[in-house]
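Peer 1: Here you go, model_36.csv (CSV, C-alpha atoms and all ligand atoms):
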chain,number,residue,atom,x,y,z
A,1,MET,CA,44.1,69.6,93.7
A,2,ILE,CA,40.5,69.3,92.6
A,3,GLU,CA,41.4,68.0,89.2
A,4,ASP,CA,43.8,65.4,90.8
A,5,LEU,CA,41.0,64.3,93.2
A,6,LYS,CA,38.5,63.9,90.3
A,7,LYS,CA,41.0,61.7,88.4
A,8,LEU,CA,41.3,59.4,91.4
A,9,LYS,CA,37.6,58.3,90.9
A,10,ILE,CA,37.1,57.9,94.6
A,11,GLY,CA,33.5,59.1,95.1
A,12,ARG,CA,31.6,62.4,95.4
A,13,ILE,CA,33.6,65.6,95.4
A,14,ASP,CA,32.0,68.9,96.4
A,15,VAL,CA,33.9,72.2,96.2
A,16,ASN,CA,33.5,75.5,97.9
A,17,ILE,CA,30.9,74.2,100.3
A,18,ASP,CA,29.0,76.2,102.9
A,19,LEU,CA,30.3,74.8,106.2
A,20,LYS,CA,27.3,76.1,108.1
A,21,LYS,CA,25.4,73.2,106.6
A,22,TYR,CA,27.9,70.7,108.0
A,23,CYS,CA,27.8,71.6,111.7
A,24,THR,CA,24.9,71.7,114.1
A,25,TYR,CA,26.0,75.2,115.4
A,26,LYS,CA,25.3,76.5,111.8
A,27,VAL,CA,28.5,78.6,111.9
A,28,GLY,CA,31.4,78.6,109.5
A,29,GLY,CA,32.7,79.9,106.2
A,30,ILE,CA,33.8,78.1,103.1
A,31,GLY,CA,35.2,74.6,102.9
A,32,LYS,CA,37.5,74.2,99.9
A,33,VAL,CA,36.6,70.6,99.2
A,34,LEU,CA,34.6,67.8,100.7
A,35,VAL,CA,35.0,64.1,99.6
A,36,ILE,CA,32.6,61.3,100.3
A,37,PRO,CA,34.6,58.2,99.4
A,38,ASP,CA,32.6,55.3,98.0
A,39,ASN,CA,34.3,52.6,100.0
A,40,GLU,CA,37.4,51.6,102.0
A,41,GLN,CA,39.7,51.2,98.9
A,42,CYS,CA,38.6,54.7,97.7
A,43,LEU,CA,39.4,56.2,101.1
A,44,LEU,CA,42.8,54.5,101.1
A,45,LYS,CA,43.5,55.9,97.7
A,46,LEU,CA,42.5,59.4,98.9
A,47,MET,CA,44.6,59.1,102.0
A,48,LYS,CA,47.7,58.1,100.0
A,49,TYR,CA,47.2,61.2,97.8
A,50,ILE,CA,46.8,63.3,101.0
A,51,LYS,CA,49.9,61.9,102.6
A,52,LYS,CA,52.1,62.1,99.4
A,53,ASN,CA,51.1,65.8,98.9
A,54,ASN,CA,51.1,66.7,102.6
A,55,ILE,CA,47.6,68.1,102.5
A,56,LYS,CA,45.6,69.2,105.5
A,57,TYR,CA,42.5,67.0,106.1
A,58,LYS,CA,39.8,66.4,108.6
A,59,ILE,CA,37.3,63.6,109.1
A,60,LEU,CA,33.8,64.9,109.5
A,61,GLY,CA,31.1,63.1,111.3
A,62,ASN,CA,27.8,64.8,111.8
A,63,GLY,CA,29.5,68.1,112.8
A,64,SER,CA,27.7,68.0,116.2
A,65,ASN,CA,30.8,68.7,118.2
A,66,LEU,CA,32.5,71.2,115.9
A,67,ILE,CA,32.9,74.9,115.5
A,68,PHE,CA,33.8,75.6,111.9
A,69,GLY,CA,35.8,78.6,110.6
A,70,ASP,CA,37.0,78.4,107.0
A,71,PHE,CA,38.8,75.1,105.9
A,72,ASP,CA,41.2,75.1,103.0
A,73,GLY,CA,42.2,71.4,103.3
A,74,ILE,CA,40.1,68.3,102.4
A,75,LEU,CA,37.1,67.4,104.5
A,76,ILE,CA,36.2,63.7,104.4
A,77,LYS,CA,32.7,62.4,105.2
A,78,LEU,CA,32.1,58.7,105.7
A,79,ASP,CA,28.4,58.7,104.8
A,80,LYS,CA,28.9,55.6,102.6
A,81,PHE,CA,30.3,53.7,105.6
A,82,ASN,CA,26.9,52.9,106.9
A,83,ASN,CA,26.8,49.1,107.1
A,84,LEU,CA,24.9,47.5,110.0
A,85,GLU,CA,24.9,43.9,111.1
A,86,ILE,CA,23.0,42.8,114.2
A,87,ASN,CA,23.9,39.3,115.4
A,88,ASP,CA,22.1,38.5,118.7
A,89,THR,CA,23.7,41.1,121.1
A,90,ILE,CA,26.7,41.9,118.9
A,91,ILE,CA,26.5,44.9,116.6
A,92,LYS,CA,28.9,45.7,113.8
A,93,VAL,CA,28.3,49.2,112.5
A,94,GLY,CA,30.0,51.6,110.0
A,95,ALA,CA,31.4,54.9,111.2
A,96,GLY,CA,29.0,56.9,109.1
A,97,TYR,CA,25.8,55.4,110.7
A,98,SER,CA,23.7,57.8,112.7
A,99,LEU,CA,24.1,57.1,116.5
A,100,ILE,CA,20.4,58.1,117.2
A,101,LYS,CA,19.2,55.8,114.4
A,102,LEU,CA,21.3,52.9,115.8
A,103,ALA,CA,20.3,53.5,119.4
A,104,THR,CA,16.6,53.7,118.4
A,105,LYS,CA,16.8,50.6,116.3
A,106,VAL,CA,18.5,48.3,118.9
A,107,SER,CA,16.3,49.6,121.7
A,108,LYS,CA,13.2,48.5,119.7
A,109,LEU,CA,14.8,45.1,119.5
A,110,GLY,CA,15.0,44.9,123.3
A,111,LEU,CA,18.8,45.4,123.4
A,112,SER,CA,20.1,47.4,126.3
A,113,GLY,CA,23.3,49.6,126.5
A,114,LEU,CA,22.6,52.4,124.0
A,115,GLU,CA,19.7,54.0,125.8
A,116,PHE,CA,21.9,57.0,126.7
A,117,ALA,CA,22.6,57.7,123.0
A,118,THR,CA,19.1,58.4,121.7
A,119,GLY,CA,19.6,62.2,122.2
A,120,ILE,CA,23.2,62.4,120.8
A,121,PRO,CA,23.0,63.7,117.2
A,122,GLY,CA,26.4,62.4,116.1
A,123,SER,CA,27.7,59.6,113.8
A,124,VAL,CA,29.0,56.3,115.2
A,125,GLY,CA,32.6,57.4,114.2
A,126,GLY,CA,32.2,60.7,116.0
A,127,ALA,CA,30.8,59.0,119.1
A,128,VAL,CA,33.6,56.4,119.2
A,129,TYR,CA,36.2,59.3,118.8
A,130,MET,CA,34.6,61.6,121.5
A,131,ASN,CA,33.6,58.8,123.9
A,132,ALA,CA,30.1,60.3,123.8
A,133,GLY,CA,28.0,59.6,126.8
A,134,ALA,CA,25.3,60.6,129.2
A,135,TYR,CA,23.6,59.4,132.4
A,136,LYS,CA,26.9,58.1,133.8
A,137,THR,CA,27.7,55.8,130.9
A,138,ASP,CA,29.4,56.2,127.6
A,139,MET,CA,30.7,54.4,124.4
A,140,GLY,CA,33.7,53.1,126.4
A,141,TYR,CA,31.3,50.6,128.2
A,142,ILE,CA,29.9,49.0,125.0
A,143,VAL,CA,32.6,49.3,122.3
A,144,SER,CA,34.6,46.1,122.1
A,145,GLU,CA,36.6,46.6,118.8
A,146,VAL,CA,37.2,49.4,116.4
A,147,LYS,CA,38.5,49.0,112.8
A,148,VAL,CA,40.7,51.9,111.8
A,149,ILE,CA,43.1,53.2,109.3
A,150,THR,CA,46.3,54.2,111.1
A,151,LYS,CA,48.6,57.1,110.2
A,152,ASP,CA,50.8,54.7,108.2
A,153,LEU,CA,47.7,53.7,106.2
A,154,GLU,CA,47.4,50.2,107.6
A,155,ILE,CA,43.9,48.8,108.4
A,156,LYS,CA,44.0,47.5,111.9
A,157,LYS,CA,41.6,46.3,114.7
A,158,LEU,CA,41.9,48.0,118.1
A,159,TYR,CA,40.4,46.5,121.2
A,160,ASN,CA,38.6,48.2,124.1
A,161,ARG,CA,41.7,47.8,126.3
A,162,ASP,CA,43.8,49.8,123.8
A,163,LEU,CA,41.3,52.7,123.5
A,164,ASN,CA,42.1,54.5,126.8
A,165,TYR,CA,38.5,55.4,127.2
A,166,HIS,CA,37.9,58.0,130.0
A,167,TYR,CA,35.2,60.7,130.5
A,168,ARG,CA,34.8,62.3,127.0
A,169,ASP,CA,38.3,61.1,126.1
A,170,SER,CA,39.8,58.3,124.0
A,171,LEU,CA,43.0,57.2,122.3
A,172,PHE,CA,41.6,58.6,119.0
A,173,GLN,CA,41.8,62.2,120.3
A,174,HIS,CA,45.5,61.8,120.8
A,175,GLY,CA,46.6,60.1,117.6
A,176,GLU,CA,45.8,59.9,113.9
A,177,TYR,CA,43.2,57.3,113.2
A,178,ILE,CA,40.3,57.0,110.8
A,179,ILE,CA,37.5,55.1,112.4
A,180,LEU,CA,35.9,52.8,109.9
A,181,GLU,CA,33.7,50.5,111.9
A,182,ALA,CA,32.8,49.6,115.5
A,183,LYS,CA,31.8,46.4,117.2
A,184,ILE,CA,29.4,47.1,120.0
A,185,ILE,CA,28.3,44.5,122.6
A,186,LEU,CA,24.8,45.1,124.2
A,187,LYS,CA,22.7,43.1,126.7
A,188,LYS,CA,19.3,41.6,126.3
A,189,GLY,CA,16.8,43.6,128.2
A,190,ASN,CA,13.1,44.3,128.5
A,191,LYS,CA,11.9,46.2,125.4
A,192,ASN,CA,9.1,48.1,127.2
A,193,GLU,CA,11.4,49.1,130.1
A,194,ILE,CA,14.1,50.3,127.6
A,195,LEU,CA,11.6,52.4,125.6
A,196,ASP,CA,10.1,53.9,128.8
A,197,ILE,CA,13.6,55.0,130.0
A,198,ILE,CA,14.2,56.6,126.5
A,199,GLU,CA,10.9,58.4,126.5
A,200,ASN,CA,11.4,59.7,130.1
A,201,ARG,CA,14.9,61.0,129.2
A,202,LYS,CA,13.6,62.6,126.0
A,203,GLN,CA,11.0,64.6,128.0
A,204,ARG,CA,13.7,65.7,130.5
A,205,ARG,CA,16.0,66.8,127.7
A,206,LEU,CA,13.2,68.8,126.0
A,207,MET,CA,12.6,70.6,129.4
A,208,SER,CA,16.3,71.2,130.2
A,209,GLN,CA,18.1,71.7,126.9
A,210,PRO,CA,17.6,74.5,124.3
A,211,LEU,CA,17.0,72.1,121.4
A,212,GLU,CA,15.0,74.7,119.5
A,213,TYR,CA,18.3,76.5,118.6
A,214,PRO,CA,21.4,75.4,116.8
A,215,SER,CA,24.2,74.3,119.2
A,216,ALA,CA,26.7,71.6,119.7
A,217,GLY,CA,25.5,70.3,123.1
A,218,SER,CA,27.5,70.8,126.2
A,219,VAL,CA,30.4,73.3,125.7
A,220,PHE,CA,32.6,72.3,128.6
A,221,ARG,CA,33.5,69.0,130.3
A,222,ASN,CA,32.3,68.9,133.9
A,223,PRO,CA,35.2,69.5,136.3
A,224,THR,CA,35.7,66.7,138.9
A,225,ASN,CA,32.9,66.7,141.4
A,226,ASP,CA,31.2,69.8,139.9
A,227,PHE,CA,29.1,70.9,136.9
A,228,ALA,CA,30.3,73.3,134.3
A,229,GLY,CA,26.7,74.6,134.0
A,230,ARG,CA,26.6,75.5,137.7
A,231,LEU,CA,29.9,77.5,137.5
A,232,ILE,CA,28.7,79.4,134.4
A,233,GLU,CA,25.4,80.2,136.1
A,234,ASP,CA,27.2,81.4,139.2
A,235,ILE,CA,29.3,83.9,137.2
A,236,GLY,CA,26.0,85.3,136.0
A,237,TYR,CA,26.5,84.3,132.4
A,238,LYS,CA,23.1,82.7,131.7
A,239,GLY,CA,21.7,84.7,128.7
A,240,LYS,CA,25.0,86.5,128.1
A,241,THR,CA,25.6,87.3,124.4
A,242,VAL,CA,28.5,87.9,122.1
A,243,GLY,CA,27.2,88.9,118.6
A,244,GLY,CA,24.7,86.2,117.7
A,245,ALA,CA,25.9,83.6,120.2
A,246,MET,CA,24.3,83.3,123.6
A,247,VAL,CA,24.7,81.3,126.8
A,248,SER,CA,21.4,79.5,126.9
A,249,PRO,CA,19.0,80.8,129.5
A,250,LYS,CA,17.7,77.2,129.8
A,251,HIS,CA,21.0,75.4,130.2
A,252,ALA,CA,24.2,77.4,131.1
A,253,ASN,CA,26.6,74.8,129.6
A,254,PHE,CA,25.0,75.2,126.1
A,255,ILE,CA,25.9,78.1,123.8
A,256,ILE,CA,23.2,78.7,121.2
A,257,ASN,CA,23.3,80.3,117.8
A,258,TYR,CA,20.3,82.5,118.4
A,259,ASN,CA,20.9,85.1,115.7
A,260,ASN,CA,23.2,84.3,112.8
A,261,ALA,CA,26.2,83.9,115.0
A,262,LYS,CA,29.7,84.0,113.5
A,263,THR,CA,32.4,81.6,114.4
A,264,GLU,CA,34.2,84.3,116.3
A,265,ASP,CA,31.1,85.0,118.4
A,266,VAL,CA,31.0,81.4,119.7
A,267,ILE,CA,34.8,81.3,120.3
A,268,ASN,CA,34.8,84.7,122.0
A,269,LEU,CA,32.0,83.7,124.3
A,270,ILE,CA,33.8,80.4,125.2
A,271,ASN,CA,36.9,82.4,126.0
A,272,ASP,CA,35.0,84.9,128.1
A,273,ILE,CA,33.4,82.1,130.2
A,274,LYS,CA,36.8,80.4,130.7
A,275,LYS,CA,38.4,83.6,131.8
A,276,GLU,CA,35.6,84.5,134.3
A,277,VAL,CA,35.5,81.0,135.7
A,278,LYS,CA,39.2,80.9,136.1
A,279,GLU,CA,39.2,84.3,137.9
A,280,LYS,CA,36.4,83.4,140.3
A,281,TYR,CA,37.0,79.7,141.0
A,282,LYS,CA,40.6,79.1,139.8
A,283,ILE,CA,39.2,76.3,137.6
A,284,ASP,CA,40.4,75.7,134.1
A,285,LEU,CA,37.3,74.7,132.1
A,286,ILE,CA,38.1,72.3,129.3
A,287,CYS,CA,36.1,72.9,126.1
A,288,GLU,CA,34.6,69.7,124.7
A,289,GLN,CA,34.0,71.2,121.3
A,290,GLU,CA,36.6,71.5,118.6
A,291,ILE,CA,37.4,74.5,116.4
A,292,VAL,CA,38.1,73.4,112.9
A,293,GLU,CA,39.8,75.9,110.6
B,1,LIG,C1,21.7,68.9,120.9
B,1,LIG,C2,23.0,68.2,121.2
B,1,LIG,C3,23.1,67.3,122.3
B,1,LIG,C4,24.3,66.6,122.6
B,1,LIG,N1,24.3,65.8,123.6
B,1,LIG,C5,25.4,65.1,123.9
B,1,LIG,C6,25.5,64.2,125.0
B,1,LIG,O1,24.5,64.0,125.7
B,1,LIG,N2,26.7,63.5,125.2
B,1,LIG,C7,27.8,63.7,124.4
B,1,LIG,O2,28.8,63.0,124.7
B,1,LIG,N3,27.7,64.6,123.4
B,1,LIG,C8,26.6,65.2,123.1
B,1,LIG,N4,26.6,66.1,122.0
B,1,LIG,C9,27.8,66.4,121.3
B,1,LIG,C10,28.0,65.5,120.0
B,1,LIG,O3,26.8,65.0,119.5
B,1,LIG,C11,28.9,64.3,120.3
B,1,LIG,O4,30.2,64.6,120.7
B,1,LIG,C12,29.1,63.3,119.0
B,1,LIG,O5,29.7,62.1,119.4
B,1,LIG,C13,29.9,64.0,117.9
B,1,LIG,O6,29.7,63.1,116.8
B,1,LIG,P1,29.8,63.7,115.3
B,1,LIG,O7,29.6,62.6,114.3
B,1,LIG,O8,28.9,64.8,115.1
B,1,LIG,O9,31.3,64.2,115.3
B,1,LIG,P2,31.9,65.5,114.6
B,1,LIG,O10,31.4,66.7,115.4
B,1,LIG,O11,31.7,65.6,113.2
B,1,LIG,O12,33.4,65.3,114.9
B,1,LIG,C14,33.9,65.3,116.2
B,1,LIG,C15,35.4,64.8,116.2
B,1,LIG,O13,35.3,63.4,115.8
B,1,LIG,C16,36.2,63.2,114.7
B,1,LIG,N5,35.6,62.1,113.9
B,1,LIG,C17,34.3,62.0,113.5
B,1,LIG,N6,34.2,60.8,112.8
B,1,LIG,C18,35.4,60.2,112.8
B,1,LIG,C19,35.9,59.0,112.2
B,1,LIG,N7,35.1,58.2,111.5
B,1,LIG,N8,37.2,58.7,112.3
B,1,LIG,C20,38.0,59.6,113.0
B,1,LIG,N9,37.6,60.7,113.6
B,1,LIG,C21,36.3,61.0,113.5
B,1,LIG,C22,36.2,64.5,114.0
B,1,LIG,O14,37.4,64.6,113.2
B,1,LIG,C23,36.2,65.5,115.2
B,1,LIG,O15,37.6,65.6,115.7
B,1,LIG,C24,25.4,66.8,121.7
B,1,LIG,C25,25.3,67.7,120.6
B,1,LIG,C26,24.1,68.3,120.4
B,1,LIG,C27,24.1,69.2,119.2
For this file, produce the structure as structure tokens.
Peer 2:
Amino acid sequence: MIEDLKKLKIGRIDVNIDLKKYCTYKVGGIGKVLVIPDNEQCLLKLMKYIKKNNIKYKILGNGSNLIFGDFDGILIKLDKFNNLEINDTIIKVGAGYSLIKLATKVSKLGLSGLEFATGIPGSVGGAVYMNAGAYKTDMGYIVSEVKVITKDLEIKKLYNRDLNYHYRDSLFQHGEYIILEAKIILKKGNKNEILDIIENRKQRRLMSQPLEYPSAGSVFRNPTNDFAGRLIEDIGYKGKTVGGAMVSPKHANFIINYNNAKTEDVINLINDIKKEVKEKYKIDLICEQEIVE
């Protein structure tokens, strides 16, 4: 497979990669191959090869919502899809662009709508896929169009009304799409007010989240009218450990890799929490993070 991929001349190909370096939890084993396609044509060529040979693949953003095990298929990273065009309040941005970088840049231009995203360490593609959000808003409010490759390898534009955006949920999580680019519509605002909001929230996050440890942010979606963190605290799990993984003593809905955690440590801790919360509250917590193996 590696030789075939090299012959395609589609971009950078890395083999036997250490997956710990590609997810913010810093867990995982070996990834057989990682491709960074040079452009859309190269990505299409790669996808044709993948489909023809029925090979397992996964699009990787910044790995800030993933729990890696080993992966013997093809990982695809869209780092080269990092175009950015700002036209008044309309932004066209590539899937590989950093969400924090984008949110910081537009905020400094006095554009409002992405203030919530300055603490979300994902790519634009990952945020569009996850419907990333915070402070009662999310990508669903600002994304107007998304350019994708469909499972039949057609390049298509999808519009907000098609995307079925709900709390941490989108069409993309229920189909096979590669997100190439998003069109985002912001509003003109007061630059100083926007930057104040961002600074305030940054200070709050530093106080309330264990940002000094590797993690992938909130583990569970909040159940309707409740908070996953409250339920986890109530079952006495703050500070609970499995191997090198720990429920953060600072924020109960964060699991941190505090001491060389293994993939299984994180997964076992997640399962223990789900079991306890189900037993005590009859609530099925939904894990926001994805196991990739
Ligand atoms: C400290 C910390 C704080 C966080 N805070 C928040 C928060 O406040 N709110 C929030 O919502 N999340 C938060 N997160 C979680 C995470 O940052 C978001 O879910 C983010 O959107 C994931 O983006 P990513 O690029 O890292 O995606 P990845 O983790 O790489 O991938 C996530 C999913 O998206 C898919 N995907 C990625 N790119 C594409 C693409 N181009 N096409 C198709 N599919 C794609 C992947 O295949 C995978 O299924 C936080 C994480 C950390 C570590």
Peer 1: Could you check how far CA of Ala132 in chain A sits from CA of Asp169 in chain A, in Å to one decimal?
Peer 2: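 Separating CA of Ala132 in chain A from CA of Asp169 in chain A is a distance of 8.6 Å.
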Peer 1: Considering all atoms listed in the file, return as a PyMOL selection string whatever protein or nucleic-acid residues lie within 6 Å of range 148-150 of chain A, sequence-local ones (same chain, fewer than 5 positions apart) excluded.
Peer 2: chain A and resi 155-156+177-180
Peer 1: So, with only C-alpha atoms as the atoms that count, which of A:Asn190, A:Asn260, A:Ser215, A:Gln203 lies closest to Ser248 in chain A?
Peer 2: A:Ser215
Peer 1: Please provide as a list in words all residues within 12 Å of Arg205 in chain A, with the sequence filter that same-chain residues fewer than 3 positions apart are discarded (counting only C-alpha atoms).
Peer 2: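 Here the qualifying residues turn out to be Phe116, Thr118, Gly119, Ile120, Ala134, Tyr135, Ile198, Glu199, Asn200, Arg201, Lys202, Ser208, Gln209, Pro210, Leu211, Glu212, Gly217, Lys250 and His251 of chain A.
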Peer 1: Between A:Val33, A:Val292, A:Ala103, A:Val242, which is the closest to Asp18 in chain A once you count all atoms listed in the file?
Peer 2: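 Of the candidates, the smallest distance to Asp18 in chain A is held by A:Val33.
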Peer 1: How would you report the residues lying within 7 Å of ligand LIG 1 (chain B), as a VMD selection string, if you count all atoms listed in the file?
Peer 2: chain A and resid 24 58 to 66 78 95 to 96 119 to 134 168 177 to 180 211 215 to 218 290
Peer 1: In Å, how far is it from CA of Lys157 in chain A to CA of Leu171 in chain A?
Peer 2: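 Value for the CA of Lys157 in chain A-CA of Leu171 in chain A distance: 13.4 Å.
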Peer 1: If you measure from CA of Glu279 in chain A to CA of Asp265 in chain A, what distance in Å do you get, rounded to one decimal?
Peer 2: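 Distance reported for this atom pair: 21.1 Å.
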Peer 1: Pick from A:Val247, A:Ile184, A:Tyr141, A:Met47: nearest to Leu102 in chain A, with only C-alpha atoms counted?
Peer 2: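 Between A:Val247, A:Ile184, A:Tyr141, A:Met47, the residue approaching Leu102 in chain A most closely is A:Ile184.
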Peer 1: Restricting the calculation to only C-alpha atoms, which member of A:Asn87, A:Asn164, A:Asn268, A:Gln173 is positioned closest to Gly243 in chain A?
Peer 2: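 Nearest candidate to Gly243 in chain A out of A:Asn87, A:Asn164, A:Asn268, A:Gln173: A:Asn268.
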Peer 1: When you get a chance, write out N, CA and C atoms for range 258-288 of chain A, as an mmCIF file, in the coordinates of the input.
Peer 2:
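The resulting result16.cif:
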data_model
loop_
_atom_site.group_PDB
_atom_site.id
_atom_site.type_symbol
_atom_site.label_atom_id
_atom_site.label_comp_id
_atom_site.auth_asym_id
_atom_site.auth_seq_id
_atom_site.Cartn_x
_atom_site.Cartn_y
_atom_site.Cartn_z
ATOM 1 N N TYR A 258 21.667 82.035 118.373
ATOM 2 C CA TYR A 258 20.300 82.500 118.400
ATOM 3 C C TYR A 258 20.012 83.552 117.318
ATOM 4 N N ASN A 259 21.096 84.107 116.718
ATOM 5 C CA ASN A 259 20.900 85.100 115.700
ATOM 6 C C ASN A 259 22.033 85.240 114.736
ATOM 7 N N ASN A 260 22.113 84.295 113.810
ATOM 8 C CA ASN A 260 23.200 84.300 112.800
ATOM 9 C C ASN A 260 24.577 84.511 113.374
ATOM 10 N N ALA A 261 24.905 83.750 114.390
ATOM 11 C CA ALA A 261 26.200 83.900 115.000
ATOM 12 C C ALA A 261 27.335 83.611 114.046
ATOM 13 N N LYS A 262 28.460 84.288 114.268
ATOM 14 C CA LYS A 262 29.700 84.000 113.500
ATOM 15 C C LYS A 262 30.547 83.100 114.331
ATOM 16 N N THR A 263 31.497 82.460 113.664
ATOM 17 C CA THR A 263 32.400 81.600 114.400
ATOM 18 C C THR A 263 33.077 82.322 115.545
ATOM 19 N N GLU A 264 33.520 83.574 115.281
ATOM 20 C CA GLU A 264 34.200 84.300 116.300
ATOM 21 C C GLU A 264 33.288 84.604 117.522
ATOM 22 N N ASP A 265 31.993 84.777 117.278
ATOM 23 C CA ASP A 265 31.100 85.000 118.400
ATOM 24 C C ASP A 265 31.111 83.854 119.374
ATOM 25 N N VAL A 266 31.018 82.648 118.812
ATOM 26 C CA VAL A 266 31.000 81.400 119.700
ATOM 27 C C VAL A 266 32.345 81.320 120.400
ATOM 28 N N ILE A 267 33.432 81.503 119.650
ATOM 29 C CA ILE A 267 34.800 81.300 120.300
ATOM 30 C C ILE A 267 35.003 82.411 121.342
ATOM 31 N N ASN A 268 34.616 83.653 121.055
ATOM 32 C CA ASN A 268 34.800 84.700 122.000
ATOM 33 C C ASN A 268 34.008 84.478 123.306
ATOM 34 N N LEU A 269 32.785 83.966 123.128
ATOM 35 C CA LEU A 269 32.000 83.700 124.300
ATOM 36 C C LEU A 269 32.582 82.547 125.140
ATOM 37 N N ILE A 270 33.088 81.537 124.456
ATOM 38 C CA ILE A 270 33.800 80.400 125.200
ATOM 39 C C ILE A 270 34.953 80.998 125.965
ATOM 40 N N ASN A 271 35.754 81.852 125.314
ATOM 41 C CA ASN A 271 36.900 82.400 126.000
ATOM 42 C C ASN A 271 36.557 83.287 127.173
ATOM 43 N N ASP A 272 35.480 84.073 127.017
ATOM 44 C CA ASP A 272 35.000 84.900 128.100
ATOM 45 C C ASP A 272 34.612 84.065 129.332
ATOM 46 N N ILE A 273 33.891 82.971 129.057
ATOM 47 C CA ILE A 273 33.400 82.100 130.200
ATOM 48 C C ILE A 273 34.674 81.498 130.866
ATOM 49 N N LYS A 274 35.625 81.003 130.061
ATOM 50 C CA LYS A 274 36.800 80.400 130.700
ATOM 51 C C LYS A 274 37.556 81.367 131.567
ATOM 52 N N LYS A 275 37.672 82.604 131.085
ATOM 53 C CA LYS A 275 38.400 83.600 131.800
ATOM 54 C C LYS A 275 37.705 83.937 133.166
ATOM 55 N N GLU A 276 36.392 84.143 133.090
ATOM 56 C CA GLU A 276 35.600 84.500 134.300
ATOM 57 C C GLU A 276 35.656 83.355 135.326
ATOM 58 N N VAL A 277 35.474 82.113 134.828
ATOM 59 C CA VAL A 277 35.500 81.000 135.700
ATOM 60 C C VAL A 277 36.835 80.773 136.386
ATOM 61 N N LYS A 278 37.864 80.994 135.604
ATOM 62 C CA LYS A 278 39.200 80.900 136.100
ATOM 63 C C LYS A 278 39.461 81.947 137.215
ATOM 64 N N GLU A 279 39.025 83.178 136.928
ATOM 65 C CA GLU A 279 39.200 84.300 137.900
ATOM 66 C C GLU A 279 38.477 84.002 139.189
ATOM 67 N N LYS A 280 37.219 83.555 139.062
ATOM 68 C CA LYS A 280 36.400 83.400 140.300
ATOM 69 C C LYS A 280 36.661 82.118 141.025
ATOM 70 N N TYR A 281 36.877 81.024 140.273
ATOM 71 C CA TYR A 281 37.000 79.700 141.000
ATOM 72 C C TYR A 281 38.337 79.039 140.830
ATOM 73 N N LYS A 282 39.268 79.666 140.086
ATOM 74 C CA LYS A 282 40.600 79.100 139.800
ATOM 75 C C LYS A 282 40.457 77.688 139.164
ATOM 76 N N ILE A 283 39.413 77.543 138.353
ATOM 77 C CA ILE A 283 39.200 76.300 137.600
ATOM 78 C C ILE A 283 39.400 76.512 136.147
ATOM 79 N N ASP A 284 40.190 75.623 135.507
ATOM 80 C CA ASP A 284 40.400 75.700 134.100
ATOM 81 C C ASP A 284 39.326 74.837 133.376
ATOM 82 N N LEU A 285 38.283 75.457 132.851
ATOM 83 C CA LEU A 285 37.300 74.700 132.100
ATOM 84 C C LEU A 285 37.874 74.127 130.839
ATOM 85 N N ILE A 286 37.572 72.864 130.536
ATOM 86 C CA ILE A 286 38.100 72.300 129.300
ATOM 87 C C ILE A 286 36.933 72.227 128.272
ATOM 88 N N CYS A 287 37.173 72.861 127.127
ATOM 89 C CA CYS A 287 36.100 72.900 126.100
ATOM 90 C C CYS A 287 36.048 71.535 125.417
ATOM 91 N N GLU A 288 34.798 71.041 125.315
ATOM 92 C CA GLU A 288 34.600 69.700 124.700
ATOM 93 C C GLU A 288 34.506 69.839 123.188
#
